[in-house]
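Asker: As input, take start-v2.pdb (PDB, C-alpha atoms, pLDDT in the B column):
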ATOM      1  CA  MET I  27       0.000   0.000   0.000  1.00 66.00           C
ATOM      2  CA  PRO I  28       1.464   3.415  -0.956  1.00 85.00           C
ATOM      3  CA  VAL I  29       2.080   6.129   1.596  1.00 93.00           C
ATOM      4  CA  GLU I  30      -0.920   8.425   2.011  1.00 97.00           C
ATOM      5  CA  ILE I  31      -0.179  12.125   1.491  1.00 98.00           C
ATOM      6  CA  ARG I  32      -2.562  14.406   3.366  1.00 98.00           C
ATOM      7  CA  GLU I  33      -2.718  17.711   5.205  1.00 98.00           C
ATOM      8  CA  ALA I  34      -1.567  17.680   8.818  1.00 98.00           C
ATOM      9  CA  ARG I  35      -4.243  17.949  11.470  1.00 97.00           C
ATOM     10  CA  ALA I  36      -4.439  19.912  14.690  1.00 97.00           C
ATOM     11  CA  GLY I  37      -3.055  17.709  17.436  1.00 97.00           C
ATOM     12  CA  GLU I  38      -0.161  16.365  15.349  1.00 97.00           C
ATOM     13  CA  GLU I  39       2.205  19.193  16.236  1.00 98.00           C
ATOM     14  CA  GLU I  40       4.192  17.224  18.824  1.00 97.00           C
ATOM     15  CA  ARG I  41       5.012  14.445  16.350  1.00 97.00           C
ATOM     16  CA  LEU I  42       5.883  17.020  13.692  1.00 98.00           C
ATOM     17  CA  VAL I  43       8.325  18.759  16.044  1.00 98.00           C
ATOM     18  CA  GLU I  44      10.010  15.384  16.624  1.00 97.00           C
ATOM     19  CA  MET I  45      10.300  14.876  12.856  1.00 98.00           C
ATOM     20  CA  TYR I  46      12.427  18.033  12.570  1.00 97.00           C
ATOM     21  CA  GLU I  47      15.298  15.957  13.987  1.00 96.00           C
ATOM     22  CA  TRP I  48      15.592  14.482  10.471  1.00 96.00           C
ATOM     23  CA  LEU I  49      16.508  17.963   9.214  1.00 95.00           C
ATOM     24  CA  PHE I  50      18.966  18.579  12.043  1.00 95.00           C
ATOM     25  CA  ALA I  51      20.945  15.378  11.425  1.00 93.00           C
ATOM     26  CA  PRO I  52      24.188  15.865   9.443  1.00 94.00           C
ATOM     27  CA  PRO I  53      24.724  17.479   7.051  1.00 93.00           C
ATOM     28  CA  GLY I  54      22.101  19.710   8.701  1.00 91.00           C
ATOM     29  CA  SER I  55      22.299  21.229  12.143  1.00 92.00           C
ATOM     30  CA  ARG I  56      19.966  22.455  14.859  1.00 95.00           C
ATOM     31  CA  PRO I  57      19.348  26.197  14.520  1.00 93.00           C
ATOM     32  CA  ALA I  58      20.904  28.166  17.382  1.00 92.00           C
ATOM     33  CA  ARG I  59      17.511  29.567  18.349  1.00 93.00           C
ATOM     34  CA  TRP I  60      15.524  26.311  17.986  1.00 97.00           C
ATOM     35  CA  ASP I  61      12.691  26.317  20.499  1.00 97.00           C
ATOM     36  CA  PRO I  62      10.378  23.275  20.367  1.00 97.00           C
ATOM     37  CA  GLU I  63       7.537  25.126  22.109  1.00 97.00           C
ATOM     38  CA  LYS I  64       7.642  27.973  19.599  1.00 98.00           C
ATOM     39  CA  ALA I  65       7.879  25.373  16.817  1.00 98.00           C
ATOM     40  CA  ARG I  66       4.689  23.680  18.080  1.00 97.00           C
ATOM     41  CA  GLN I  67       2.923  27.046  18.142  1.00 98.00           C
ATOM     42  CA  ARG I  68       4.066  27.910  14.620  1.00 97.00           C
ATOM     43  CA  LEU I  69       3.016  24.493  13.352  1.00 98.00           C
ATOM     44  CA  SER I  70      -0.442  25.028  14.864  1.00 98.00           C
ATOM     45  CA  GLU I  71      -0.666  28.385  13.107  1.00 98.00           C
ATOM     46  CA  ALA I  72       0.438  26.902   9.784  1.00 98.00           C
ATOM     47  CA  ILE I  73      -2.072  24.050  10.048  1.00 98.00           C
ATOM     48  CA  ALA I  74      -4.913  26.516  10.680  1.00 97.00           C
ATOM     49  CA  ALA I  75      -3.935  29.276   8.232  1.00 97.00           C
ATOM     50  CA  PRO I  76      -5.446  29.373   4.733  1.00 96.00           C
ATOM     51  CA  ARG I  77      -2.160  30.627   3.195  1.00 97.00           C
ATOM     52  CA  SER I  78      -0.080  27.677   4.381  1.00 98.00           C
ATOM     53  CA  THR I  79      -0.215  23.924   4.499  1.00 98.00           C
ATOM     54  CA  ILE I  80       1.681  21.174   6.186  1.00 98.00           C
ATOM     55  CA  LEU I  81       1.561  17.988   4.198  1.00 98.00           C
ATOM     56  CA  VAL I  82       2.434  14.669   5.775  1.00 98.00           C
ATOM     57  CA  GLY I  83       3.178  11.201   4.499  1.00 98.00           C
ATOM     58  CA  GLN I  84       1.429   8.555   6.557  1.00 97.00           C
ATOM     59  CA  ASP I  85       2.019   4.823   6.388  1.00 96.00           C
ATOM     60  CA  ALA I  86       0.065   2.377   8.544  1.00 93.00           C
ATOM     61  CA  GLY I  87      -0.891   5.205  10.917  1.00 92.00           C
ATOM     62  CA  ARG I  88       2.680   6.448  11.313  1.00 95.00           C
ATOM     63  CA  LEU I  89       3.918   9.812  10.003  1.00 97.00           C
ATOM     64  CA  VAL I  90       6.991   9.217   7.852  1.00 97.00           C
ATOM     65  CA  ALA I  91       7.444  12.556   6.058  1.00 98.00           C
ATOM     66  CA  PHE I  92       6.385  16.198   6.082  1.00 98.00           C
ATOM     67  CA  CYS I  93       6.482  19.314   3.938  1.00 98.00           C
ATOM     68  CA  THR I  94       5.613  22.871   4.951  1.00 98.00           C
ATOM     69  CA  ALA I  95       4.469  25.264   2.227  1.00 98.00           C
ATOM     70  CA  TYR I  96       3.478  28.913   2.465  1.00 97.00           C
ATOM     71  CA  LEU I  97       1.962  31.363   0.010  1.00 97.00           C
ATOM     72  CA  GLU I  98       4.383  34.247   0.190  1.00 93.00           C
ATOM     73  CA  LEU I  99       4.758  37.407  -1.735  1.00 91.00           C
ATOM     74  CA  ASN I 100       2.802  38.322  -4.815  1.00 93.00           C
ATOM     75  CA  SER I 101       5.785  39.150  -7.019  1.00 92.00           C
ATOM     76  CA  VAL I 102       5.503  41.971  -9.538  1.00 94.00           C
ATOM     77  CA  ARG I 103       7.535  39.890 -12.001  1.00 92.00           C
ATOM     78  CA  PHE I 104       6.186  36.402 -11.384  1.00 89.00           C
ATOM     79  CA  GLY I 105       2.895  36.554  -9.496  1.00 94.00           C
ATOM     80  CA  GLN I 106       2.028  34.593  -6.366  1.00 95.00           C
ATOM     81  CA  ARG I 107       4.927  32.544  -5.029  1.00 95.00           C
ATOM     82  CA  CYS I 108       4.676  29.447  -2.873  1.00 96.00           C
ATOM     83  CA  TRP I 109       7.655  28.703  -0.658  1.00 95.00           C
ATOM     84  CA  VAL I 110       8.521  25.235   0.621  1.00 96.00           C
ATOM     85  CA  GLU I 111      10.238  25.896   3.907  1.00 96.00           C
ATOM     86  CA  ASP I 112      10.863  22.356   5.142  1.00 96.00           C
ATOM     87  CA  LEU I 113      10.678  18.933   3.534  1.00 96.00           C
ATOM     88  CA  ALA I 114      11.915  15.793   5.253  1.00 96.00           C
ATOM     89  CA  VAL I 115      11.432  12.052   4.964  1.00 97.00           C
ATOM     90  CA  ASP I 116      12.262   9.490   7.628  1.00 97.00           C
ATOM     91  CA  PRO I 117      15.854   8.445   6.800  1.00 95.00           C
ATOM     92  CA  GLU I 118      14.755   4.795   6.818  1.00 95.00           C
ATOM     93  CA  ARG I 119      12.082   5.543   4.195  1.00 95.00           C
ATOM     94  CA  ARG I 120      14.050   7.625   1.702  1.00 93.00           C
ATOM     95  CA  SER I 121      14.305   6.662  -1.982  1.00 91.00           C
ATOM     96  CA  GLN I 122      10.805   5.159  -1.933  1.00 94.00           C
ATOM     97  CA  GLY I 123       9.024   7.971  -3.795  1.00 93.00           C
ATOM     98  CA  ILE I 124       7.651   9.634  -0.656  1.00 96.00           C
ATOM     99  CA  GLY I 125       9.573  12.895  -1.111  1.00 95.00           C
ATOM    100  CA  VAL I 126       8.490  13.342  -4.712  1.00 95.00           C
ATOM    101  CA  SER I 127       4.891  12.590  -3.710  1.00 96.00           C
ATOM    102  CA  LEU I 128       5.102  15.321  -1.066  1.00 96.00           C
ATOM    103  CA  LEU I 129       6.654  17.754  -3.522  1.00 96.00           C
ATOM    104  CA  ASP I 130       3.957  16.964  -6.119  1.00 96.00           C
ATOM    105  CA  ALA I 131       1.251  17.510  -3.480  1.00 97.00           C
ATOM    106  CA  ALA I 132       2.829  20.838  -2.516  1.00 97.00           C
ATOM    107  CA  LYS I 133       2.855  21.912  -6.175  1.00 96.00           C
ATOM    108  CA  ALA I 134      -0.800  20.904  -6.551  1.00 97.00           C
ATOM    109  CA  TRP I 135      -1.759  22.805  -3.394  1.00 98.00           C
ATOM    110  CA  ALA I 136       0.142  25.884  -4.580  1.00 97.00           C
ATOM    111  CA  ARG I 137      -1.414  25.718  -8.048  1.00 96.00           C
ATOM    112  CA  GLY I 138      -4.870  25.427  -6.491  1.00 97.00           C
ATOM    113  CA  ALA I 139      -4.122  28.474  -4.335  1.00 96.00           C
ATOM    114  CA  GLY I 140      -3.223  30.536  -7.409  1.00 96.00           C
ATOM    115  CA  ALA I 141       0.555  30.368  -7.191  1.00 96.00           C
ATOM    116  CA  SER I 142       2.529  30.718 -10.406  1.00 94.00           C
ATOM    117  CA  HIS I 143       5.627  28.994  -9.058  1.00 92.00           C
ATOM    118  CA  LEU I 144       7.051  27.072  -6.139  1.00 94.00           C
ATOM    119  CA  GLU I 145      10.492  27.688  -4.699  1.00 93.00           C
ATOM    120  CA  LEU I 146      12.713  26.403  -1.920  1.00 89.00           C
ATOM    121  CA  ASP I 147      16.261  26.723  -0.792  1.00 90.00           C
ATOM    122  CA  SER I 148      18.574  23.996   0.374  1.00 87.00           C
ATOM    123  CA  GLY I 149      21.733  24.177   2.446  1.00 86.00           C
ATOM    124  CA  LEU I 150      25.001  24.057   0.529  1.00 85.00           C
ATOM    125  CA  ALA I 151      26.087  20.789   2.203  1.00 88.00           C
ATOM    126  CA  ARG I 152      22.877  18.903   1.322  1.00 90.00           C
ATOM    127  CA  HIS I 153      24.181  17.250  -1.825  1.00 88.00           C
ATOM    128  CA  ASP I 154      21.723  14.328  -1.634  1.00 88.00           C
ATOM    129  CA  ALA I 155      18.812  16.768  -1.370  1.00 87.00           C
ATOM    130  CA  HIS I 156      20.116  18.742  -4.355  1.00 89.00           C
ATOM    131  CA  ARG I 157      20.225  15.577  -6.467  1.00 89.00           C
ATOM    132  CA  PHE I 158      16.680  14.752  -5.335  1.00 83.00           C
ATOM    133  CA  TYR I 159      15.350  18.203  -6.288  1.00 85.00           C
ATOM    134  CA  GLU I 160      17.059  18.051  -9.667  1.00 89.00           C
ATOM    135  CA  ARG I 161      15.636  14.560 -10.357  1.00 89.00           C
ATOM    136  CA  ALA I 162      12.225  15.976  -9.405  1.00 89.00           C
ATOM    137  CA  GLY I 163      12.578  18.609 -12.140  1.00 89.00           C
ATOM    138  CA  GLY I 164      13.786  21.527 -10.035  1.00 90.00           C
ATOM    139  CA  ALA I 165      16.227  23.960 -11.601  1.00 87.00           C
ATOM    140  CA  ARG I 166      18.982  25.778  -9.750  1.00 87.00           C
ATOM    141  CA  GLN I 167      18.011  29.405 -10.117  1.00 86.00           C
ATOM    142  CA  SER I 168      19.868  31.502  -7.599  1.00 83.00           C
ATOM    143  CA  TYR I 169      21.940  31.763  -4.473  1.00 80.00           C
ATOM    144  CA  THR I 170      20.157  32.648  -1.271  1.00 83.00           C
ATOM    145  CA  PHE I 171      21.769  35.074   1.147  1.00 83.00           C
ATOM    146  CA  GLY I 172      20.583  35.452   4.701  1.00 82.00           C
ATOM    147  CA  TRP I 173      21.112  37.586   7.742  1.00 78.00           C
ATOM    148  CA  GLU I 174      20.173  36.509  11.240  1.00 79.00           C
ATOM    149  CA  LEU I 175      18.478  39.358  13.118  1.00 86.00           C
TER     150      LEU I 175
END
So that I can check it, write out the structure of this file as structure tokens.
Answerer:
Amino acid sequence: MPVEIREARAGEEERLVEMYEWLFAPPGSRPARWDPEKARQRLSEAIAAPRSTILVGQDAGRLVAFCTAYLELNSVRFGQRCWVEDLAVDPERRSQGIGVSLLDAAKAWARGAGASHLELDSGLARHDAHRFYERAGGARQSYTFGWEL
């Protein structure tokens, strides 16, 4: 039976916070200001908000993947943008098509919400993720620069 892709539900925030450990494992790292309580609150807000979605992969009642997507700016040049902030699959379940199913669901959600394009960034050390995004049809378009405030 294939993994079910669906929107996260209120009450699943605690499990979702735990799943962020998949992003923090090398080559990732835990953000200096990571606060699980604030993360739970933000997940609750994203689940409830009409301009965001959290998609999950569920297999036999167990969450095995997640993707957060947000409608962001309405670009003068490109129109409504959807931003994938986080996408992670249980390390034991990778290379089974779950990530591409999540990404396809995020694209469908964004399209249905009127977005003209979907974007994400990926850390420089995440070579496996870069190969995945390229196999999924993503094109390298830019460098992202950031400042912590």
Asker: I want to know what sits within 7 Å of region 33-43 of chain I, based on all atoms listed in the file, with residues of the same chain fewer than 5 positions away left out; could you give that as a PyMOL selection string?
Answerer: chain I and resi 62+65-66+69-70+73+79-82
Asker: Convert the current residue selection to file output with C-alpha atoms, as a PDB file, in the frame of the given file.
Answerer:
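Printed below is selection.pdb as written:
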ATOM      1  CA  PRO I  62      10.378  23.275  20.367  1.00 97.00           C
ATOM      2  CA  ALA I  65       7.879  25.373  16.817  1.00 98.00           C
ATOM      3  CA  ARG I  66       4.689  23.680  18.080  1.00 97.00           C
ATOM      4  CA  LEU I  69       3.016  24.493  13.352  1.00 98.00           C
ATOM      5  CA  SER I  70      -0.442  25.028  14.864  1.00 98.00           C
ATOM      6  CA  ILE I  73      -2.072  24.050  10.048  1.00 98.00           C
ATOM      7  CA  THR I  79      -0.215  23.924   4.499  1.00 98.00           C
ATOM      8  CA  ILE I  80       1.681  21.174   6.186  1.00 98.00           C
ATOM      9  CA  LEU I  81       1.561  17.988   4.198  1.00 98.00           C
ATOM     10  CA  VAL I  82       2.434  14.669   5.775  1.00 98.00           C
TER      11      VAL I  82
END
Asker: Could you tell me how far CA of Val90 (chain I) sits from CA of Leu150 (chain I), in Å to one decimal place?
Answerer: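 One can read the CA of Leu150 (chain I) to CA of Val90 (chain I) distance as 24.5 Å.
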Asker: Can you list, as JSON, numbers by chain, the residues that the PyMOL selection byres ((chain I and resi 104) around 12) selects here?
Answerer: {"I": [98, 99, 100, 101, 102, 103, 105, 106, 107, 108, 140, 141, 142, 143, 144, 145]}
Asker: As a ChimeraX atom specification, please: the residues near region 109-112 of chain I (cut-off 8 Å, only C-alpha atoms, same-chain neighbours under 3 positions excluded).
Answerer: /I:92-98,132,144-147
Asker: Quick check, in Å to one decimal: how far apart do CA of Leu113 (chain I) and CA of Ala74 (chain I) lie?
Answerer: 18.8 Å
Asker: Considering only C-alpha atoms, can you say which of I:Ile31, I:Ala131, I:Ala139, I:Ala114 comes closest to Leu49 (chain I)?
Answerer: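 Answer, going by the shortest atom-to-atom distance: I:Ala114.
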Asker: Of the residues I:Ala151, I:Gln167, I:Gly83, I:Glu174, which is the one nearest to Gly54 (chain I), using all atoms listed in the file?
Answerer: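 Of I:Ala151, I:Gln167, I:Gly83, I:Glu174, the one nearest Gly54 (chain I) is I:Ala151, counting all atoms listed in the file.
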Asker: Give me, as a VMD selection string, all polymer residues having an atom no more than 12 Å from Arg161 (chain I), counting only C-alpha atoms and skipping those fewer than 6 positions away in the same chain.
Answerer: chain I and resid 121 123 125 to 126 129 154 to 155
Asker: May I ask which of the residues I:Ser127, I:Gly138, I:Pro57, I:Phe171 is the closest one to Pro28 (chain I), counting only C-alpha atoms?
Answerer: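 Closest candidate: I:Ser127.
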Asker: Given the choices I:Gly172, I:Ala162, I:Glu63, I:Pro53, which gets closest to Lys133 (chain I) if the distance is worked out from all atoms listed in the file?
Answerer: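 Once distances to Lys133 (chain I) are computed over all atoms listed in the file, the minimum belongs to I:Ala162.
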Asker: Please, what distance in Å, to one decimal, runs between CA of Arg152 (chain I) and CA of Glu118 (chain I)?
Answerer: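 Atom-to-atom, CA of Arg152 (chain I) to CA of Glu118 (chain I), that is 17.2 Å.
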Asker: Between I:Ala134, I:Leu128, I:Glu44, I:Asp85, which is the closest to Asp61 (chain I) once you count only C-alpha atoms?
Answerer: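 Among the listed residues, I:Glu44 lies closest to Asp61 (chain I).
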Asker: Between I:Ser168, I:Arg68, I:Val29, I:Leu175, which is the closest to Ala86 (chain I) once you count only C-alpha atoms?
Answerer: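 Nearest candidate to Ala86 (chain I) out of I:Ser168, I:Arg68, I:Val29, I:Leu175: I:Val29.
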Asker: With all atoms of region 157-167 of chain I from the file as input, state the centre and edge lengths in Å to one decimal of the axis-aligned box that has 6 Å extra on each side, as JSON.
Answerer:
{"center_x": 16.2, "center_y": 22.0, "center_z": -8.7, "size_x": 20.0, "size_y": 26.8, "size_z": 18.8}
